[in-house]
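Source file: coords.txt. Holds: compact mmCIF, C-alpha atoms and all ligand atoms.
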```txt
# COMPACT_ATOMS: atom_id res chain seq x y z
CA MET A 1 30.97 114.97 192.51
CA SER A 2 27.28 114.27 192.17
CA GLU A 3 24.69 116.95 191.57
CA MET A 4 21.90 117.50 194.09
CA PRO A 5 18.80 115.62 192.96
CA LEU A 6 15.56 117.51 192.36
CA ILE A 7 13.98 115.60 195.23
CA ARG A 8 15.70 113.99 198.18
CA LEU A 9 13.95 112.24 201.06
CA ARG A 10 16.02 111.12 204.01
CA GLY A 11 14.47 109.10 206.82
CA VAL A 12 11.05 110.61 206.14
CA THR A 13 8.33 109.53 208.55
CA LYS A 14 4.65 110.43 208.61
CA ARG A 15 2.53 109.76 211.67
CA TYR A 16 -1.24 110.12 211.56
CA GLY A 17 -2.95 110.83 214.87
CA ASP A 18 -1.23 110.56 218.23
CA GLY A 19 -1.22 108.63 221.45
CA SER A 20 -2.68 105.15 221.31
CA THR A 21 -4.33 105.79 217.90
CA ALA A 22 -1.10 106.98 216.24
CA PHE A 23 -0.22 105.28 212.99
CA LEU A 24 3.11 105.48 211.21
CA ALA A 25 2.28 105.55 207.49
CA LEU A 26 5.89 106.31 206.43
CA LYS A 27 8.62 104.69 208.51
CA GLY A 28 11.82 106.33 207.31
CA VAL A 29 11.75 106.71 203.54
CA ASP A 30 14.97 107.42 201.62
CA LEU A 31 14.44 108.39 198.00
CA ASP A 32 16.22 110.52 195.38
CA ILE A 33 14.48 111.69 192.22
CA GLN A 34 16.46 113.34 189.45
CA ARG A 35 15.05 116.11 187.29
CA GLY A 36 13.38 114.67 184.19
CA GLU A 37 12.73 111.18 185.55
CA PHE A 38 9.49 109.27 185.00
CA VAL A 39 8.93 107.12 188.07
CA ALA A 40 6.12 104.68 188.82
CA ILE A 41 5.27 104.10 192.48
CA MET A 42 3.73 100.74 193.22
CA GLY A 43 2.91 98.64 196.27
CA PRO A 44 0.00 97.17 198.19
CA SER A 45 -2.94 99.18 199.44
CA GLY A 46 -2.05 101.00 202.65
CA SER A 47 1.71 100.87 202.02
CA GLY A 48 2.02 104.67 202.08
CA LYS A 49 2.05 105.59 198.38
CA SER A 50 -0.50 108.42 198.60
CA THR A 51 1.02 109.62 201.86
CA ALA A 52 4.39 109.81 200.10
CA MET A 53 2.84 111.68 197.15
CA ASN A 54 1.15 114.20 199.46
CA THR A 55 4.46 114.74 201.22
CA LEU A 56 6.39 115.10 197.97
CA GLY A 57 3.81 117.57 196.65
CA CYS A 58 4.13 119.71 199.79
CA LEU A 59 0.45 119.16 200.60
CA ASP A 60 1.55 117.63 203.86
CA ARG A 61 4.58 117.93 206.09
CA PRO A 62 6.68 114.97 207.17
CA THR A 63 6.58 114.21 210.90
CA GLY A 64 10.28 113.42 210.85
CA GLY A 65 13.28 113.25 208.56
CA GLN A 66 14.29 115.57 205.75
CA TYR A 67 12.70 116.52 202.46
CA LEU A 68 14.95 118.53 200.18
CA PHE A 69 13.35 120.03 197.09
CA MET A 70 15.88 121.84 194.86
CA GLY A 71 18.06 121.88 197.94
CA ALA A 72 15.45 123.63 200.15
CA HIS A 73 14.40 121.95 203.39
CA VAL A 74 10.64 121.56 202.93
CA GLU A 75 10.16 120.14 206.44
CA THR A 76 11.14 123.52 207.92
CA LEU A 77 8.74 125.61 205.80
CA THR A 78 5.55 127.19 207.08
CA ARG A 79 2.20 126.25 205.59
CA ASP A 80 2.21 129.40 203.41
CA GLU A 81 5.73 128.78 202.19
CA ARG A 82 4.83 125.23 201.28
CA ALA A 83 1.73 126.46 199.42
CA ARG A 84 3.88 128.86 197.40
CA LEU A 85 6.35 126.12 196.55
CA ARG A 86 3.47 123.82 195.57
CA ARG A 87 1.79 126.36 193.30
CA ARG A 88 5.03 127.20 191.57
CA PHE A 89 6.56 123.76 191.02
CA PHE A 90 3.93 121.03 191.28
CA GLY A 91 0.95 119.81 189.29
CA PHE A 92 -1.47 117.17 190.61
CA VAL A 93 -3.61 114.58 188.89
CA PHE A 94 -5.91 112.27 190.85
CA GLN A 95 -7.86 109.12 190.16
CA GLY A 96 -11.23 110.90 190.37
CA PHE A 97 -10.39 113.84 188.02
CA ASN A 98 -11.69 116.36 190.62
CA LEU A 99 -13.09 118.79 188.07
CA LEU A 100 -15.69 121.43 188.90
CA ALA A 101 -19.06 120.34 187.48
CA ARG A 102 -21.09 122.82 185.40
CA THR A 103 -17.82 124.58 184.64
CA SER A 104 -16.26 124.43 181.20
CA ALA A 105 -13.01 122.62 180.47
CA GLN A 106 -11.46 126.01 179.76
CA GLU A 107 -12.50 127.46 183.14
CA ASN A 108 -11.39 124.33 185.01
CA VAL A 109 -7.95 124.62 183.45
CA GLU A 110 -7.76 128.38 184.16
CA LEU A 111 -8.36 127.88 187.88
CA PRO A 112 -4.73 127.49 189.07
CA LEU A 113 -3.88 130.69 187.17
CA LEU A 114 -6.76 132.50 188.84
CA TYR A 115 -5.24 131.56 192.22
CA ARG A 116 -1.96 132.97 190.97
CA GLY A 117 -3.66 136.25 190.14
CA GLU A 118 -3.04 136.16 186.40
CA SER A 119 -5.09 138.32 184.03
CA ALA A 120 -8.11 136.96 182.19
CA ALA A 121 -6.31 137.30 178.87
CA ALA A 122 -3.21 135.44 180.07
CA ARG A 123 -5.39 132.73 181.60
CA ARG A 124 -7.31 132.24 178.39
CA VAL A 125 -4.19 131.87 176.26
CA ALA A 126 -2.44 129.49 178.69
CA ALA A 127 -5.52 127.30 179.18
CA ALA A 128 -6.12 127.00 175.44
CA LYS A 129 -2.49 125.97 174.98
CA ALA A 130 -2.66 123.37 177.78
CA LEU A 131 -5.92 121.92 176.41
CA ALA A 132 -4.39 121.71 172.94
CA SER A 133 -1.35 119.89 174.32
CA VAL A 134 -3.59 117.16 175.81
CA GLY A 135 -5.47 116.81 172.51
CA LEU A 136 -8.62 118.70 173.50
CA LYS A 137 -8.58 121.59 171.07
CA GLY A 138 -12.22 122.30 170.20
CA TRP A 139 -13.54 120.92 173.53
CA GLU A 140 -12.88 124.08 175.57
CA HIS A 141 -16.53 124.89 176.21
CA HIS A 142 -17.73 121.43 177.21
CA THR A 143 -18.51 120.74 180.87
CA PRO A 144 -17.24 117.55 182.57
CA ALA A 145 -20.67 115.91 182.16
CA GLU A 146 -20.34 116.38 178.39
CA LEU A 147 -16.94 114.64 178.30
CA SER A 148 -15.90 110.97 178.53
CA GLY A 149 -13.80 109.72 181.46
CA GLY A 150 -10.65 109.79 179.36
CA GLN A 151 -11.39 113.33 178.21
CA GLN A 152 -12.11 114.44 181.79
CA GLN A 153 -8.74 113.08 182.88
CA ARG A 154 -7.14 115.01 180.00
CA VAL A 155 -8.75 118.20 181.27
CA ALA A 156 -7.39 117.40 184.74
CA ILE A 157 -3.92 116.91 183.24
CA ALA A 158 -4.23 120.21 181.33
CA ARG A 159 -5.15 121.90 184.62
CA ALA A 160 -2.08 120.31 186.25
CA ILE A 161 0.35 121.48 183.55
CA VAL A 162 -1.11 124.94 182.83
CA THR A 163 1.22 126.44 185.44
CA GLU A 164 4.22 124.78 183.73
CA PRO A 165 5.22 122.74 186.79
CA SER A 166 8.60 121.03 187.21
CA VAL A 167 6.95 117.97 188.71
CA LEU A 168 3.69 116.23 187.86
CA LEU A 169 2.32 114.00 190.64
CA ALA A 170 -0.32 111.56 189.48
CA ASP A 171 -2.02 109.28 192.02
CA GLU A 172 -3.64 106.37 190.16
CA PRO A 173 -4.47 108.56 187.14
CA THR A 174 -5.88 105.60 185.20
CA GLY A 175 -7.70 104.01 188.13
CA ASN A 176 -11.12 104.93 186.75
CA LEU A 177 -10.44 104.28 183.07
CA ASP A 178 -10.72 101.30 180.75
CA THR A 179 -7.61 99.76 179.18
CA GLN A 180 -7.62 101.76 175.95
CA ARG A 181 -8.21 105.07 177.74
CA SER A 182 -5.56 104.17 180.33
CA HIS A 183 -2.94 103.67 177.64
CA GLU A 184 -3.91 107.00 176.05
CA ILE A 185 -3.35 108.75 179.38
CA MET A 186 0.01 106.96 179.76
CA ASP A 187 1.00 108.08 176.26
CA LEU A 188 0.22 111.62 177.29
CA LEU A 189 2.18 111.45 180.57
CA SER A 190 5.08 109.84 178.74
CA ARG A 191 5.09 112.62 176.12
CA LEU A 192 4.91 115.37 178.74
CA ASN A 193 7.94 113.75 180.33
CA SER A 194 10.00 113.23 177.18
CA GLU A 195 8.97 116.31 175.17
CA GLN A 196 8.48 118.93 177.90
CA GLY A 197 10.97 117.55 180.42
CA ILE A 198 8.41 117.40 183.22
CA THR A 199 9.43 115.06 186.03
CA VAL A 200 6.55 112.59 186.42
CA LEU A 201 5.81 110.59 189.58
CA MET A 202 2.86 108.28 189.16
CA VAL A 203 1.20 105.83 191.54
CA THR A 204 -0.32 102.81 189.86
CA HIS A 205 -1.46 99.31 190.75
CA GLU A 206 -1.17 98.17 187.14
CA PRO A 207 2.13 96.73 185.84
CA ASP A 208 0.98 97.54 182.27
CA MET A 209 0.91 101.25 183.15
CA ALA A 210 4.11 101.18 185.22
CA ALA A 211 5.81 99.77 182.10
CA TYR A 212 5.90 103.31 180.64
CA ALA A 213 8.12 104.55 183.48
CA GLN A 214 11.92 104.51 183.51
CA ARG A 215 12.03 103.46 187.13
CA ILE A 216 9.75 101.56 189.47
CA VAL A 217 9.77 102.25 193.19
CA ARG A 218 7.86 99.78 195.30
CA PHE A 219 6.50 100.66 198.73
CA VAL A 220 5.78 98.02 201.34
CA ASP A 221 4.60 98.84 204.83
CA GLY A 222 5.69 102.49 204.84
CA LEU A 223 9.14 101.90 203.36
CA VAL A 224 10.72 101.68 199.92
CA SER A 225 11.25 97.95 199.43
CA THR A 226 12.63 97.89 195.87
CA ASP A 227 13.80 100.53 193.41
CA THR A 228 14.45 99.21 189.91
CA ARG A 229 15.30 100.62 186.50
CA ASN A 230 13.11 99.77 183.56
CA ALA A 231 15.63 99.39 180.74
CA GLN A 232 12.97 99.52 178.03
CA PRO A 233 10.07 101.74 178.97
CA LEU A 234 7.04 101.56 176.69
CA LEU A 235 7.04 104.44 174.24
CA PRO A 236 4.02 106.60 173.46
CA GLY A 237 1.89 104.98 170.76
CA SER A 238 3.18 101.46 171.41
CA TYR A 239 -0.12 100.09 172.71
CA GLN A 240 -1.97 97.96 170.17
CA PRO A 241 -5.61 97.38 171.06
CA PRO A 242 -6.67 93.75 170.66
CA PRO A 243 -8.38 93.11 167.32
CA PRO A 244 -12.16 93.25 167.50
CA MET A 245 -13.81 89.88 167.96
CA GLU A 246 -15.06 88.39 164.78
CA VAL A 247 -18.81 88.33 164.51
CA ARG A 248 -20.45 85.90 162.15
N1 LIG A 301 -5.52 111.14 207.07
C1 LIG A 301 -5.23 109.95 207.61
N2 LIG A 301 -5.44 109.71 208.92
C2 LIG A 301 -5.12 108.52 209.47
N3 LIG A 301 -4.56 107.50 208.80
C3 LIG A 301 -4.32 107.68 207.49
C4 LIG A 301 -4.65 108.90 206.83
N4 LIG A 301 -4.29 108.80 205.53
C5 LIG A 301 -3.78 107.55 205.39
N5 LIG A 301 -3.80 106.89 206.57
C6 LIG A 301 -3.29 105.53 206.80
O1 LIG A 301 -1.95 105.46 206.36
C7 LIG A 301 -1.69 104.26 205.67
C8 LIG A 301 -1.15 104.56 204.29
O2 LIG A 301 -2.17 105.16 203.53
P1 LIG A 301 -1.98 105.60 202.01
O3 LIG A 301 -3.22 106.29 201.61
O4 LIG A 301 -0.70 106.35 201.90
O5 LIG A 301 -1.84 104.18 201.30
P2 LIG A 301 -1.73 103.84 199.75
O6 LIG A 301 -0.47 103.08 199.57
O7 LIG A 301 -1.92 105.07 198.94
O8 LIG A 301 -2.96 102.83 199.54
P3 LIG A 301 -3.98 102.65 198.29
O9 LIG A 301 -3.25 101.80 197.29
O10 LIG A 301 -5.14 101.93 198.89
O11 LIG A 301 -4.33 104.00 197.77
C9 LIG A 301 -3.01 103.47 205.65
O12 LIG A 301 -2.98 102.50 206.67
C10 LIG A 301 -4.05 104.53 205.95
O13 LIG A 301 -5.12 103.99 206.64
MG MG A 302 -3.38 105.72 197.61
```
If you convert what's in this file into structure tokens, what do you get?
Amino acid sequence: MSEMPLIRLRGVTKRYGDGSTAFLALKGVDLDIQRGEFVAIMGPSGSGKSTAMNTLGCLDRPTGGQYLFMGAHVETLTRDERARLRRRFFGFVFQGFNLLARTSAQENVELPLLYRGESAAARRVAAAKALASVGLKGWEHHTPAELSGGQQQRVAIARAIVTEPSVLLADEPTGNLDTQRSHEIMDLLSRLNSEQGITVLMVTHEPDMAAYAQRIVRFVDGLVSTDTRNAQPLLPGSYQPPPPMEVR
């Protein structure tokens, strides 16, 4: 007997628009994700990766097929029910950080808790803890403009995990970062997965970043084309920056 996976997609389709302008971005996706997995989603531009992420994160509803999350049929839920599920179980990280400008790191991270109606004291404690867990203790009062790209993405990750989600969805989280900073973010995602048990689903175009995942799912033309295990995922801290060029 096999246990129900955390996430199960069966024949999931997503159509944008209708009539002659309709476009089928997902064409019948089957995918199971177990609790605690770290999965990289790859594939060419336009293959449906972000559409799949938005569907998985309950931001969007499939046009057809079934999405079971913890056994619940997401495709039958109302918008409000999906929002509740999303706020309780999912955290999101995007390529562009999406932080509020002129708002401190602390306040950015508190935001999801504000939506949940938590007290100021509880918000402060939880945000400080989340910022510490992404290595930003002492940076609480800086605004995004006063932080580097890598630090801004850390704030965004703190904001995504402050609600203690079961699943972290990251859509090209290193897309705007240089190599060193990208590996630091991957270290962090890898640690959140292994130490806190958060299921991580990450879209990336870079094989070097996908190498941290235990499994690589490749989308082509709105379908899963390959689904492979990575027997030896990169471990946090394994990246060695190239030695500095010698200057004479
Ligand atoms: N809101 C929308 N309305 C209409 N078409 C859309 C919409 N969002 C995405 N599409 C189309 O659906 C297809 C899949 O888009 P999606 O964003 O999922 O691709 P992707 O794999 O994430 O690509 P990229 O690597 O460039 O981010 C594309 O052809 C895109 O143009
Ligand atoms: Mg995309």
Exercise. Counting only C-alpha atoms and all ligand atoms, name the residues that have an atom within 9 Å of an atom of ligand LIG 301 (chain A); the answer should be given as a PyMOL selection string.
Key: chain A and resi 14-17+21-26+42-54+171-172+203-205+219-222
Using all atoms listed in the file, which residues sit within 9 Å of A:Val29 once same-chain residues fewer than 6 positions away are excluded, as a PDB file with C-alpha atoms, in the coordinates of the input?
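The resulting file, selection-v7.pdb, is shown below:
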```
ATOM      1  CA  LEU A   9      13.950 112.240 201.060  1.00  0.00           C
ATOM      2  CA  ARG A  10      16.020 111.120 204.010  1.00  0.00           C
ATOM      3  CA  GLY A  11      14.470 109.100 206.820  1.00  0.00           C
ATOM      4  CA  VAL A  12      11.050 110.610 206.140  1.00  0.00           C
ATOM      5  CA  THR A  13       8.330 109.530 208.550  1.00  0.00           C
ATOM      6  CA  ALA A  52       4.390 109.810 200.100  1.00  0.00           C
ATOM      7  CA  GLY A  65      13.280 113.250 208.560  1.00  0.00           C
ATOM      8  CA  GLY A 222       5.690 102.490 204.840  1.00  0.00           C
ATOM      9  CA  LEU A 223       9.140 101.900 203.360  1.00  0.00           C
ATOM     10  CA  VAL A 224      10.720 101.680 199.920  1.00  0.00           C
TER      11      VAL A 224
END
```
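Across A:Ser148, A:Gly175, A:His141, A:Arg102, the tightest approach to ligand MG 302 (chain A) is made by A:Gly175 when counting all atoms listed in the file.
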Quiz item: Just how far from atom CA of A:Phe90 is atom CA of A:Thr179, in Å to one decimal?
Solution: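 Here the two named atoms are 27.1 Å from each other.
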Self-check item: Polymer residues at most 9 Å from A:Ile7, only C-alpha atoms, same-chain spacing of 5 or more positions, as a list of chain:residue names
Solution: A:Leu31, A:Asp32, A:Ile33, A:Gln34, A:Arg35, A:Leu56, A:Tyr67, A:Leu68, A:Phe69, A:Met70, A:Gly71
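Minimum distance to ligand MG 302 (chain A) across A:Ala170, A:Thr143, A:Leu99, A:Gly64 (counting only C-alpha atoms and all ligand atoms) occurs at A:Ala170.
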Quiz prompt | Protein and nucleic acid residues near (11.3, 102.4, 181.6) (cut-off 6 Å, only C-alpha atoms) as a list of chain:residue names | solution =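 Applying the cut-off with only C-alpha atoms, one gets A:Tyr212, A:Ala213, A:Gln214, A:Arg215, A:Asn230, A:Ala231, A:Gln232, A:Pro233.
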Self-check item: Atomic separation - atom CA of A:Cys58 relative to atom CA of A:Lys27, Å
Solution: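 Interatomic distance, atom CA of A:Lys27 to atom CA of A:Cys58: 17.9 Å.
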Quiz item: Quick one: of A:Asp178, A:Asp187, A:His142, A:Ile41, who's nearest to ligand MG 302 (chain A), counting all atoms listed in the file?
Solution: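 Among the listed residues, A:Ile41 lies closest to ligand MG 302 (chain A).
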Exercise. Choose the residue, out of A:Met186, A:Leu147, A:Val109, A:Ile216, that has the smallest atom-to-atom separation from A:Ala130; count all atoms listed in the file.
Key: A:Val109
Quiz item: Any idea what the distance is between atom CA of A:Asp60 and atom CA of A:Ser194?
Solution: 28.3 Å
Self-check item: Exercise: A:Ser104 partners within 12 Å, all atoms listed in the file, chain neighbours under 6 positions left out, as a list of chain:residue names
Solution: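 Listed by chain and then number, they are A:Glu110, A:Leu111, A:Ala127, A:Ala128, A:Leu131, A:Gly138, A:Trp139, A:Glu140, A:His141, A:His142, A:Thr143, A:Pro144, A:Ala145, A:Glu146, A:Leu147, A:Gln152, A:Val155, A:Ala156, A:Arg159.
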Practice problem: Find the residue from A:Leu85, A:Leu6, A:Leu234, A:Met202 that sits nearest to ligand MG 302 (chain A); use all atoms listed in the file when measuring. | Solution: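 Between A:Leu85, A:Leu6, A:Leu234, A:Met202, the residue approaching ligand MG 302 (chain A) most closely is A:Met202.
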Quiz prompt | Which residue of A:Ala72, A:Ala158, A:Ala120, A:Leu113 approaches A:Arg8 most closely, using only C-alpha atoms | solution =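 The closest residue to A:Arg8 is A:Ala72.
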Exercise. Counting only C-alpha atoms, find the residues whose atoms lie at most 8 Å from (14.4, 113.1, 184.0) (file coordinates) and write them out as an MDAnalysis selection string.
Key: chainID A and resid 34:38 193 197:199
Test item: residues at most 10 Å from A:Leu188, only C-alpha atoms, excluding those fewer than 5 positions along its chain, as a compact mmCIF listing (two decimals) with C-alpha atoms, in the coordinates of the input:
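Just written: around_15.txt:
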```txt
# COMPACT_ATOMS: atom_id res chain seq x y z
CA SER A 133 -1.35 119.89 174.32
CA VAL A 134 -3.59 117.16 175.81
CA GLY A 135 -5.47 116.81 172.51
CA ARG A 154 -7.14 115.01 180.00
CA ILE A 157 -3.92 116.91 183.24
CA SER A 182 -5.56 104.17 180.33
CA HIS A 183 -2.94 103.67 177.64
CA ASN A 193 7.94 113.75 180.33
CA SER A 194 10.00 113.23 177.18
CA PRO A 236 4.02 106.60 173.46
CA GLY A 237 1.89 104.98 170.76
```
